[in-house]
>>> print(open('final-v2.pdb').read())   # PDB, C-alpha atoms
ATOM      1  CA  MET X   1     -48.651  40.487  31.793
ATOM      2  CA  MET X   2     -51.016  40.589  28.783
ATOM      3  CA  PHE X   3     -50.180  38.666  25.655
ATOM      4  CA  PRO X   4     -49.332  41.160  22.865
ATOM      5  CA  SER X   5     -52.381  40.346  20.735
ATOM      6  CA  LYS X   6     -54.646  40.719  23.768
ATOM      7  CA  LEU X   7     -52.955  44.035  24.546
ATOM      8  CA  PHE X   8     -53.819  45.443  21.115
ATOM      9  CA  LEU X   9     -57.349  44.047  21.290
ATOM     10  CA  SER X  10     -57.783  45.648  24.708
ATOM     11  CA  MET X  11     -56.689  49.005  23.277
ATOM     12  CA  MET X  12     -59.286  48.692  20.496
ATOM     13  CA  GLN X  13     -61.973  47.731  23.020
ATOM     14  CA  LEU X  14     -61.017  50.673  25.226
ATOM     15  CA  SER X  15     -61.442  53.022  22.280
ATOM     16  CA  ILE X  16     -64.902  51.613  21.532
ATOM     17  CA  ILE X  17     -66.009  51.872  25.173
ATOM     18  CA  ALA X  18     -64.674  55.404  25.439
ATOM     19  CA  SER X  19     -66.403  56.394  22.201
ATOM     20  CA  ARG X  20     -69.714  55.082  23.549
ATOM     21  CA  LEU X  21     -69.314  57.312  26.599
ATOM     22  CA  GLY X  22     -68.485  60.410  24.566
ATOM     23  CA  ALA X  23     -71.059  62.811  23.171
ATOM     24  CA  CYS X  24     -70.986  64.214  19.662
ATOM     25  CA  ARG X  25     -70.210  67.889  20.149
ATOM     26  CA  ALA X  26     -71.168  69.380  16.799
ATOM     27  CA  PHE X  27     -72.365  68.384  13.361
ATOM     28  CA  ALA X  28     -73.268  70.269  10.194
ATOM     29  CA  PRO X  29     -75.014  69.246   6.979
ATOM     30  CA  HIS X  30     -72.909  68.350   3.958
ATOM     31  CA  GLY X  31     -72.068  71.476   2.022
ATOM     32  CA  ARG X  32     -71.518  73.785   4.978
ATOM     33  CA  THR X  33     -68.390  75.876   4.618
ATOM     34  CA  GLY X  34     -65.596  76.032   7.161
ATOM     35  CA  VAL X  35     -64.022  73.115   8.982
ATOM     36  CA  GLY X  36     -65.482  69.634   8.759
ATOM     37  CA  CYS X  37     -67.259  68.066   5.789
ATOM     38  CA  THR X  38     -68.331  69.635   2.550
ATOM     39  CA  ALA X  39     -70.101  68.222  -0.436
ATOM     40  CA  ALA X  40     -67.734  67.006  -3.111
ATOM     41  CA  ALA X  41     -67.390  69.566  -5.865
ATOM     42  CA  SER X  42     -69.103  68.617  -9.119
ATOM     43  CA  SER X  43     -68.520  69.758 -12.656
ATOM     44  CA  THR X  44     -72.047  71.128 -13.047
ATOM     45  CA  THR X  45     -74.561  72.969 -10.918
ATOM     46  CA  THR X  46     -78.296  73.376 -10.813
ATOM     47  CA  PRO X  47     -80.265  76.280  -9.289
ATOM     48  CA  PHE X  48     -80.592  74.226  -6.101
ATOM     49  CA  SER X  49     -77.115  72.654  -5.901
ATOM     50  CA  THR X  50     -74.051  73.732  -3.962
ATOM     51  CA  PRO X  51     -71.955  76.103  -6.115
ATOM     52  CA  VAL X  52     -68.862  74.607  -7.678
ATOM     53  CA  VAL X  53     -65.747  75.338  -5.655
ATOM     54  CA  ALA X  54     -62.365  75.402  -7.364
ATOM     55  CA  LEU X  55     -60.022  73.182  -5.374
ATOM     56  CA  SER X  56     -56.244  73.296  -5.185
ATOM     57  CA  PRO X  57     -54.080  70.327  -6.244
ATOM     58  CA  PRO X  58     -53.434  67.785  -3.461
ATOM     59  CA  SER X  59     -49.748  68.721  -3.231
ATOM     60  CA  VAL X  60     -50.673  72.366  -2.629
ATOM     61  CA  VAL X  61     -53.178  71.396   0.066
ATOM     62  CA  LEU X  62     -50.537  69.265   1.793
ATOM     63  CA  ASP X  63     -48.106  72.180   1.835
ATOM     64  CA  ARG X  64     -50.751  74.510   3.247
ATOM     65  CA  VAL X  65     -51.896  72.288   6.108
ATOM     66  CA  PHE X  66     -48.327  71.757   7.300
ATOM     67  CA  ASP X  67     -46.942  75.182   6.413
ATOM     68  CA  VAL X  68     -47.076  76.699   9.889
ATOM     69  CA  ASP X  69     -48.523  73.793  11.873
ATOM     70  CA  ARG X  70     -46.617  70.507  11.858
ATOM     71  CA  ARG X  71     -49.012  68.589  14.088
ATOM     72  CA  PRO X  72     -50.276  65.292  12.628
ATOM     73  CA  ILE X  73     -53.817  65.185  11.213
ATOM     74  CA  ILE X  74     -56.308  62.409  11.894
ATOM     75  CA  LEU X  75     -58.695  61.815   8.984
ATOM     76  CA  PHE X  76     -61.886  60.253  10.344
ATOM     77  CA  ASP X  77     -65.264  59.225   8.945
ATOM     78  CA  GLY X  78     -67.361  62.355   9.500
ATOM     79  CA  VAL X  79     -70.743  60.595   9.457
ATOM     80  CA  CYS X  80     -69.762  57.684  11.719
ATOM     81  CA  ASN X  81     -71.051  58.056  15.285
ATOM     82  CA  MET X  82     -68.321  55.827  16.687
ATOM     83  CA  CYS X  83     -65.636  57.798  14.865
ATOM     84  CA  ASN X  84     -66.976  61.170  15.992
ATOM     85  CA  ASN X  85     -67.217  60.038  19.593
ATOM     86  CA  ALA X  86     -63.703  58.633  19.356
ATOM     87  CA  VAL X  87     -62.574  62.101  18.220
ATOM     88  CA  ASN X  88     -64.110  63.504  21.414
ATOM     89  CA  THR X  89     -62.166  60.945  23.427
ATOM     90  CA  ALA X  90     -58.932  61.746  21.606
ATOM     91  CA  ILE X  91     -59.404  65.453  22.356
ATOM     92  CA  ASP X  92     -59.978  64.658  26.032
ATOM     93  CA  TRP X  93     -56.933  62.377  26.161
ATOM     94  CA  ASP X  94     -54.734  64.871  24.308
ATOM     95  CA  PRO X  95     -54.952  67.968  26.524
ATOM     96  CA  SER X  96     -51.758  69.462  25.093
ATOM     97  CA  GLY X  97     -53.259  69.427  21.584
ATOM     98  CA  LYS X  98     -50.661  67.343  19.753
ATOM     99  CA  LEU X  99     -53.174  66.129  17.163
ATOM    100  CA  ARG X 100     -55.488  67.787  14.631
ATOM    101  CA  PHE X 101     -58.583  66.435  12.904
ATOM    102  CA  ALA X 102     -60.353  66.569   9.544
ATOM    103  CA  ALA X 103     -63.166  64.469   8.115
ATOM    104  CA  LEU X 104     -62.293  62.053   5.329
ATOM    105  CA  GLN X 105     -65.194  63.559   3.371
ATOM    106  CA  SER X 106     -63.924  67.146   3.679
ATOM    107  CA  ASN X 107     -62.077  68.848   0.836
ATOM    108  CA  VAL X 108     -58.859  68.778   2.863
ATOM    109  CA  GLY X 109     -59.384  65.123   3.716
ATOM    110  CA  ARG X 110     -60.040  64.139   0.111
ATOM    111  CA  ALA X 111     -56.950  66.026  -1.073
ATOM    112  CA  LEU X 112     -54.719  64.371   1.525
ATOM    113  CA  LEU X 113     -56.069  60.958   0.557
ATOM    114  CA  GLN X 114     -55.259  61.625  -3.102
ATOM    115  CA  TYR X 115     -51.779  62.908  -2.343
ATOM    116  CA  HIS X 116     -50.977  59.672  -0.531
ATOM    117  CA  GLY X 117     -52.246  57.446  -3.349
ATOM    118  CA  ARG X 118     -55.730  56.641  -2.076
ATOM    119  CA  SER X 119     -59.060  57.338  -3.734
ATOM    120  CA  ALA X 120     -60.625  60.639  -2.695
ATOM    121  CA  ASP X 121     -63.810  58.710  -1.836
ATOM    122  CA  ASP X 122     -62.075  56.013   0.230
ATOM    123  CA  ILE X 123     -63.457  56.167   3.770
ATOM    124  CA  SER X 124     -62.633  52.543   4.610
ATOM    125  CA  SER X 125     -59.911  53.436   7.106
ATOM    126  CA  ILE X 126     -58.868  56.082   9.544
ATOM    127  CA  VAL X 127     -55.732  57.838   8.281
ATOM    128  CA  LEU X 128     -52.970  59.513  10.279
ATOM    129  CA  VAL X 129     -51.217  62.100   8.113
ATOM    130  CA  THR X 130     -47.848  63.561   9.118
ATOM    131  CA  PRO X 131     -45.428  65.801   7.211
ATOM    132  CA  GLU X 132     -43.392  62.656   6.515
ATOM    133  CA  GLY X 133     -46.171  60.345   5.302
ATOM    134  CA  ALA X 134     -49.496  58.689   6.078
ATOM    135  CA  TYR X 135     -50.567  55.630   8.060
ATOM    136  CA  ILE X 136     -53.782  53.606   7.877
ATOM    137  CA  LYS X 137     -55.652  50.973   9.874
ATOM    138  CA  SER X 138     -53.828  49.642  12.956
ATOM    139  CA  ASP X 139     -50.664  51.624  12.218
ATOM    140  CA  ALA X 140     -52.751  54.802  12.346
ATOM    141  CA  ILE X 141     -54.477  53.754  15.588
ATOM    142  CA  LEU X 142     -51.182  52.988  17.305
ATOM    143  CA  GLY X 143     -49.579  56.150  15.947
ATOM    144  CA  ILE X 144     -52.451  58.168  17.412
ATOM    145  CA  ALA X 145     -52.242  56.271  20.713
ATOM    146  CA  GLU X 146     -48.657  57.433  21.165
ATOM    147  CA  SER X 147     -49.954  60.977  21.727
ATOM    148  CA  LEU X 148     -52.771  60.065  24.132
ATOM    149  CA  ASN X 149     -52.765  60.151  27.920
ATOM    150  CA  PRO X 150     -55.968  58.711  29.452
ATOM    151  CA  LEU X 151     -54.613  59.593  32.925
ATOM    152  CA  PRO X 152     -51.807  61.983  33.936
ATOM    153  CA  MET X 153     -49.528  59.099  34.908
ATOM    154  CA  LEU X 154     -50.713  56.634  32.250
ATOM    155  CA  PRO X 155     -49.397  57.554  28.783
ATOM    156  CA  MET X 156     -50.310  55.082  26.050
ATOM    157  CA  ARG X 157     -47.020  55.469  24.167
ATOM    158  CA  PRO X 158     -45.202  52.485  25.783
ATOM    159  CA  PHE X 159     -48.160  50.175  25.121
ATOM    160  CA  ALA X 160     -48.553  51.412  21.540
ATOM    161  CA  ARG X 161     -44.874  50.889  20.760
ATOM    162  CA  LEU X 162     -44.946  47.437  22.336
ATOM    163  CA  ALA X 163     -47.940  46.455  20.190
ATOM    164  CA  VAL X 164     -46.161  47.657  17.023
ATOM    165  CA  ILE X 165     -43.160  45.482  17.816
ATOM    166  CA  VAL X 166     -44.744  42.269  19.026
ATOM    167  CA  VAL X 167     -48.148  42.042  17.290
ATOM    168  CA  PRO X 168     -47.903  41.189  13.574
ATOM    169  CA  GLN X 169     -49.419  43.848  11.338
ATOM    170  CA  PHE X 170     -51.746  41.385   9.593
ATOM    171  CA  LEU X 171     -53.236  40.435  12.970
ATOM    172  CA  ARG X 172     -53.554  44.060  14.074
ATOM    173  CA  ASP X 173     -55.243  44.958  10.784
ATOM    174  CA  LEU X 174     -57.557  41.952  11.056
ATOM    175  CA  ILE X 175     -58.783  43.217  14.429
ATOM    176  CA  TYR X 176     -59.068  46.757  13.056
ATOM    177  CA  ASP X 177     -61.056  45.628   9.998
ATOM    178  CA  GLY X 178     -63.457  43.697  12.215
ATOM    179  CA  VAL X 179     -64.331  46.911  14.051
ATOM    180  CA  ALA X 180     -64.179  49.290  11.068
ATOM    181  CA  ASP X 181     -66.348  47.113   8.819
ATOM    182  CA  ASN X 182     -69.072  47.045  11.474
ATOM    183  CA  ARG X 183     -68.769  50.608  12.789
ATOM    184  CA  TYR X 184     -72.186  51.685  11.493
ATOM    185  CA  ARG X 185     -73.843  48.635  13.024
ATOM    186  CA  ILE X 186     -72.181  49.258  16.372
ATOM    187  CA  MET X 187     -73.150  52.914  16.827
ATOM    188  CA  GLY X 188     -74.955  53.995  13.656
ATOM    189  CA  LYS X 189     -74.314  56.891  11.300
ATOM    190  CA  ARG X 190     -75.647  60.338  10.461
ATOM    191  CA  ASP X 191     -76.472  62.187   7.283
ATOM    192  CA  GLU X 192     -74.374  65.043   8.611
ATOM    193  CA  CYS X 193     -70.702  65.842   8.973
ATOM    194  CA  ARG X 194     -68.931  67.217  11.957
ATOM    195  CA  PHE X 195     -67.557  70.703  12.334
ATOM    196  CA  ASP X 196     -66.476  72.803  15.298
ATOM    197  CA  ALA X 197     -69.719  74.741  15.714
ATOM    198  CA  ASP X 198     -68.797  77.021  18.608
ATOM    199  CA  GLY X 199     -65.091  77.403  17.893
ATOM    200  CA  GLU X 200     -64.125  75.748  21.173
ATOM    201  CA  PHE X 201     -61.650  73.523  19.367
ATOM    202  CA  ALA X 202     -60.831  75.759  16.416
ATOM    203  CA  ASP X 203     -57.133  74.952  16.616
ATOM    204  CA  ARG X 204     -57.812  71.210  16.573
ATOM    205  CA  PHE X 205     -59.836  71.004  13.334
ATOM    206  CA  VAL X 206     -58.175  71.797  10.010
ATOM    207  CA  ASP X 207     -59.790  74.699   8.168
ATOM    208  CA  ASP X 208     -61.370  73.240   5.024
ATOM    209  CA  SER X 209     -60.824  76.528   3.160
ATOM    210  CA  LEU X 210     -57.144  75.526   2.880
ATOM    211  CA  ALA X 211     -58.216  73.246   0.022
ATOM    212  CA  ILE X 212     -59.827  76.038  -1.989
ATOM    213  CA  SER X 213     -57.893  77.664  -4.837
TER     214      SER X 213
END
>>> encode(input="final-v2.pdb", output="structure tokens")
Amino acid sequence: MMFPSKLFLSMMQLSIIASRLGACRAFAPHGRTGVGCTAAASSTTTPFSTPVVALSPPSVVLDRVFDVDRRPIILFDGVCNMCNNAVNTAIDWDPSGKLRFAALQSNVGRALLQYHGRSADDISSIVLVTPEGAYIKSDAILGIAESLNPLPMLPMRPFARLAVIVVPQFLRDLIYDGVADNRYRIMGKRDECRFDADGEFADRFVDDSLAIS
């Protein structure tokens, strides 16, 4: 049987390997409307800038995203190749659609970060947002893993719950930080943000217009 710390490390390595095998499905430039990433609203505009968009308060955005859909939301780095490929893997391993996604840089993502006491520009960690609260770093990874099934008869929930119990959080977060801090070196980044271009996964990506007043 694996030692607990090796179990968690193996789960992180599996995610990295799976993300390398995945293919980025769709990206869009910053500022595109719809789901995905948008340019942060500014207080002024120029003839060539994105028009200012009036955004709703974070508490209103939270209510909207969970009003009729209670599924948890994964906030991921929209320009990180590893993160985007990991989203592909999560979609493949979550065929029943228990999880939703939004980029950290999107208006919805920024509002949810602010509501839970984080800076709107903080993209240092993946965030798992539920109607009851939010989780970051290794707690978010293990919370997400509970909904994933790599194979029909191999749910990750038992392994995720075991790791939560037996691997100290500081050690889990240390492993997470080692990967997160080097994510751009491992697989690079883009100057674009992801969105669901063809609508194939429309119900899996949070509509960014929910953040608009």
>>> residues_around(input="final-v2.pdb", residues="Lys189 (chain X)", least_positions_apart="6", cutoff="6 Å", atoms="all atoms listed in the file", output="MDAnalysis selection string")
chainID X and resid 79:81
>>> write_last_selection(input="final-v2.pdb", atoms="C-alpha atoms", output="PDB file, in the coordinates of the input")
ATOM      1  CA  VAL X  79     -70.743  60.595   9.457  1.00  0.00           C
ATOM      2  CA  CYS X  80     -69.762  57.684  11.719  1.00  0.00           C
ATOM      3  CA  ASN X  81     -71.051  58.056  15.285  1.00  0.00           C
TER       4      ASN X  81
END
>>> atom_distance(input="final-v2.pdb", atom1="CA of Arg70 (chain X)", atom2="CA of Gln169 (chain X)")
26.8 Å
>>> resolve_selection(input="final-v2.pdb", expression="the PyMOL selection byres ((chain X and resi 54-61) around 10)", output="short mmCIF file (atom, residue, chain, number, x, y, z; two decimals) with C-alpha atoms, in the frame of the given file")
data_model
loop_
_atom_site.label_atom_id
_atom_site.label_comp_id
_atom_site.auth_asym_id
_atom_site.auth_seq_id
_atom_site.Cartn_x
_atom_site.Cartn_y
_atom_site.Cartn_z
CA ALA X 41 -67.39 69.57 -5.86
CA SER X 42 -69.10 68.62 -9.12
CA SER X 43 -68.52 69.76 -12.66
CA PRO X 51 -71.96 76.10 -6.12
CA VAL X 52 -68.86 74.61 -7.68
CA VAL X 53 -65.75 75.34 -5.66
CA LEU X 62 -50.54 69.26 1.79
CA ASP X 63 -48.11 72.18 1.84
CA ARG X 64 -50.75 74.51 3.25
CA VAL X 65 -51.90 72.29 6.11
CA PHE X 66 -48.33 71.76 7.30
CA ASP X 67 -46.94 75.18 6.41
CA ASN X 107 -62.08 68.85 0.84
CA VAL X 108 -58.86 68.78 2.86
CA GLY X 109 -59.38 65.12 3.72
CA ARG X 110 -60.04 64.14 0.11
CA ALA X 111 -56.95 66.03 -1.07
CA LEU X 112 -54.72 64.37 1.52
CA LEU X 113 -56.07 60.96 0.56
CA GLN X 114 -55.26 61.62 -3.10
CA TYR X 115 -51.78 62.91 -2.34
CA HIS X 116 -50.98 59.67 -0.53
CA ASP X 208 -61.37 73.24 5.02
CA SER X 209 -60.82 76.53 3.16
CA LEU X 210 -57.14 75.53 2.88
CA ALA X 211 -58.22 73.25 0.02
CA ILE X 212 -59.83 76.04 -1.99
CA SER X 213 -57.89 77.66 -4.84
#
>>> axis_aligned_box(input="final-v2.pdb", around="region 60-76 of chain X", padding_each_side="5 Å", output="lines of an AutoDock Vina configuration file")
center_x = -54.3
center_y = 68.5
center_z = 5.7
size_x = 25.3
size_y = 26.4
size_z = 26.7
>>> atom_distance(input="final-v2.pdb", atom1="CA of Ile123 (chain X)", atom2="CA of Pro155 (chain X)")
28.7 Å
>>> resolve_selection(input="final-v2.pdb", expression="the PyMOL selection byres ((chain X and resi 96-104) around 9)", output="number ranges by chain")
X: 35-37, 71-79, 87, 90-91, 93-95, 105-110, 112-113, 120-123, 126-127, 144, 147-148, 193-195, 203-208
>>> write_last_selection(input="final-v2.pdb", atoms="C-alpha atoms", output="PDB file, in the frame of the given file")
ATOM      1  CA  VAL X  35     -64.022  73.115   8.982  1.00  0.00           C
ATOM      2  CA  GLY X  36     -65.482  69.634   8.759  1.00  0.00           C
ATOM      3  CA  CYS X  37     -67.259  68.066   5.789  1.00  0.00           C
ATOM      4  CA  ARG X  71     -49.012  68.589  14.088  1.00  0.00           C
ATOM      5  CA  PRO X  72     -50.276  65.292  12.628  1.00  0.00           C
ATOM      6  CA  ILE X  73     -53.817  65.185  11.213  1.00  0.00           C
ATOM      7  CA  ILE X  74     -56.308  62.409  11.894  1.00  0.00           C
ATOM      8  CA  LEU X  75     -58.695  61.815   8.984  1.00  0.00           C
ATOM      9  CA  PHE X  76     -61.886  60.253  10.344  1.00  0.00           C
ATOM     10  CA  ASP X  77     -65.264  59.225   8.945  1.00  0.00           C
ATOM     11  CA  GLY X  78     -67.361  62.355   9.500  1.00  0.00           C
ATOM     12  CA  VAL X  79     -70.743  60.595   9.457  1.00  0.00           C
ATOM     13  CA  VAL X  87     -62.574  62.101  18.220  1.00  0.00           C
ATOM     14  CA  ALA X  90     -58.932  61.746  21.606  1.00  0.00           C
ATOM     15  CA  ILE X  91     -59.404  65.453  22.356  1.00  0.00           C
ATOM     16  CA  TRP X  93     -56.933  62.377  26.161  1.00  0.00           C
ATOM     17  CA  ASP X  94     -54.734  64.871  24.308  1.00  0.00           C
ATOM     18  CA  PRO X  95     -54.952  67.968  26.524  1.00  0.00           C
ATOM     19  CA  GLN X 105     -65.194  63.559   3.371  1.00  0.00           C
ATOM     20  CA  SER X 106     -63.924  67.146   3.679  1.00  0.00           C
ATOM     21  CA  ASN X 107     -62.077  68.848   0.836  1.00  0.00           C
ATOM     22  CA  VAL X 108     -58.859  68.778   2.863  1.00  0.00           C
ATOM     23  CA  GLY X 109     -59.384  65.123   3.716  1.00  0.00           C
ATOM     24  CA  ARG X 110     -60.040  64.139   0.111  1.00  0.00           C
ATOM     25  CA  LEU X 112     -54.719  64.371   1.525  1.00  0.00           C
ATOM     26  CA  LEU X 113     -56.069  60.958   0.557  1.00  0.00           C
ATOM     27  CA  ALA X 120     -60.625  60.639  -2.695  1.00  0.00           C
ATOM     28  CA  ASP X 121     -63.810  58.710  -1.836  1.00  0.00           C
ATOM     29  CA  ASP X 122     -62.075  56.013   0.230  1.00  0.00           C
ATOM     30  CA  ILE X 123     -63.457  56.167   3.770  1.00  0.00           C
ATOM     31  CA  ILE X 126     -58.868  56.082   9.544  1.00  0.00           C
ATOM     32  CA  VAL X 127     -55.732  57.838   8.281  1.00  0.00           C
ATOM     33  CA  ILE X 144     -52.451  58.168  17.412  1.00  0.00           C
ATOM     34  CA  SER X 147     -49.954  60.977  21.727  1.00  0.00           C
ATOM     35  CA  LEU X 148     -52.771  60.065  24.132  1.00  0.00           C
ATOM     36  CA  CYS X 193     -70.702  65.842   8.973  1.00  0.00           C
ATOM     37  CA  ARG X 194     -68.931  67.217  11.957  1.00  0.00           C
ATOM     38  CA  PHE X 195     -67.557  70.703  12.334  1.00  0.00           C
ATOM     39  CA  ASP X 203     -57.133  74.952  16.616  1.00  0.00           C
ATOM     40  CA  ARG X 204     -57.812  71.210  16.573  1.00  0.00           C
ATOM     41  CA  PHE X 205     -59.836  71.004  13.334  1.00  0.00           C
ATOM     42  CA  VAL X 206     -58.175  71.797  10.010  1.00  0.00           C
ATOM     43  CA  ASP X 207     -59.790  74.699   8.168  1.00  0.00           C
ATOM     44  CA  ASP X 208     -61.370  73.240   5.024  1.00  0.00           C
TER      45      ASP X 208
END
>>> residues_near_point(input="final-v2.pdb", point="(-57.5, 40.7, 11.8)", cutoff="12 Å", atoms="all atoms listed in the file", output="list in words")
Ser5, Phe8, Leu9, Met12, Lys137, Ser138, Val167, Pro168, Gln169, Phe170, Leu171, Arg172, Asp173, Leu174, Ile175, Tyr176, Asp177, Gly178, Val179, Ala180 and Asp181 of chain X
